[in-house]
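In what follows, a single structure is set out as C-alpha coordinates and then discussed.
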Amino acid sequence: MVELDGLVKYTDAQMMNGRTLGGVIDDERERSEGLKRAGVDVIVRIRMDDLYDLEGLKQRLAKAGAPLRRR
(Lines give C-alpha, C1' and ligand atoms only; values in the text may rest on other atoms or scores of the structure.)
Protein backbone atom coordinates (compact mmCIF):
# COMPACT_ATOMS: atom_id res chain seq x y z
CA MET A 1 0.00 0.00 0.00
CA VAL A 2 1.25 3.48 -0.81
CA GLU A 3 0.19 6.46 1.25
CA LEU A 4 0.81 10.02 0.20
CA ASP A 5 1.63 11.90 3.38
CA GLY A 6 1.13 15.62 3.64
CA LEU A 7 2.47 17.82 6.38
CA VAL A 8 -0.61 20.02 6.49
CA LYS A 9 -2.44 17.50 8.68
CA TYR A 10 0.04 18.36 11.43
CA THR A 11 -0.31 22.13 11.17
CA ASP A 12 -3.75 23.06 9.83
CA ALA A 13 -6.17 23.60 12.71
CA GLN A 14 -9.15 22.57 10.58
CA MET A 15 -7.54 19.26 9.62
CA MET A 16 -6.42 18.66 13.21
CA ASN A 17 -10.08 18.96 14.25
CA GLY A 18 -9.27 20.09 17.79
CA ARG A 19 -6.59 17.44 18.37
CA THR A 20 -3.11 18.16 19.61
CA LEU A 21 -0.10 17.26 17.48
CA GLY A 22 0.39 14.21 19.69
CA GLY A 23 -3.23 13.23 19.14
CA VAL A 24 -2.84 13.46 15.37
CA ILE A 25 0.27 11.29 15.52
CA ASP A 26 -1.45 8.77 17.81
CA ASP A 27 -4.44 8.58 15.46
CA GLU A 28 -2.14 8.01 12.48
CA ARG A 29 -0.32 5.25 14.34
CA GLU A 30 -3.64 3.58 15.26
CA ARG A 31 -4.80 3.81 11.64
CA SER A 32 -1.58 2.13 10.47
CA GLU A 33 -2.02 -0.62 13.06
CA GLY A 34 -5.60 -1.12 11.86
CA LEU A 35 -4.36 -1.54 8.30
CA LYS A 36 -1.87 -4.15 9.47
CA ARG A 37 -4.61 -6.00 11.36
CA ALA A 38 -6.64 -5.94 8.15
CA GLY A 39 -3.83 -7.69 6.29
CA VAL A 40 -1.78 -4.84 4.86
CA ASP A 41 1.78 -5.95 5.51
CA VAL A 42 3.72 -3.11 3.86
CA ILE A 43 2.98 0.60 3.84
CA VAL A 44 5.22 2.81 1.71
CA ARG A 45 4.85 6.43 2.78
CA ILE A 46 5.68 9.06 0.21
CA ARG A 47 5.56 12.85 0.07
CA MET A 48 4.93 15.12 -2.88
CA ASP A 49 8.70 15.63 -3.25
CA ASP A 50 9.08 11.89 -3.94
CA LEU A 51 7.09 12.34 -7.13
CA TYR A 52 9.93 14.41 -8.59
CA ASP A 53 12.30 11.43 -8.36
CA LEU A 54 10.37 8.72 -10.17
CA GLU A 55 13.36 6.38 -10.46
CA GLY A 56 13.95 6.58 -6.73
CA LEU A 57 10.25 6.01 -6.10
CA LYS A 58 10.22 2.99 -8.42
CA GLN A 59 13.17 1.54 -6.52
CA ARG A 60 11.43 2.05 -3.17
CA LEU A 61 8.25 0.41 -4.47
CA ALA A 62 10.16 -2.50 -6.00
CA LYS A 63 12.05 -3.02 -2.73
CA ALA A 64 8.71 -3.11 -0.91
CA GLY A 65 7.48 -5.82 -3.30
CA ALA A 66 5.03 -3.72 -5.30
CA PRO A 67 4.38 -5.06 -8.82
CA LEU A 68 5.61 -2.59 -11.40
CA ARG A 69 4.31 -2.36 -14.93
CA ARG A 70 7.00 -2.83 -17.55
CA ARG A 71 7.03 -0.66 -20.65
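Ligands are numbered from 1 in the order shown, residues from 1 within each chain, and chains are lettered A, B, ... in the order they appear in the C-alpha coordinates.
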Practice task
Determine, counting only C-alpha atoms, which protein, DNA and RNA residues have an atom within 9 Å of an atom of A:Gly65; residues of the same chain fewer than 4 positions away are not included. Present the result as a list in words.
Solution key: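 Everything that qualifies: Val42, Arg60 and Leu61 of chain A.
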Handout entry: Those of chain A in DSSP strand (DSSP E), formatted as a ChimeraX atom specification
Key = /A:2-4,44-46
Exercise for the section: Could you tell me which of A:Met48, A:Leu35, A:Ile43, A:Ala66 comes closest to A:Leu7 if we count only C-alpha atoms? Expected result: A:Met48
Exercise for the section: Using atom CA of A:Arg47 and atom CA of A:Leu4 as the two end points, give the distance in Å to one decimal. Expected result: 5.5 Å
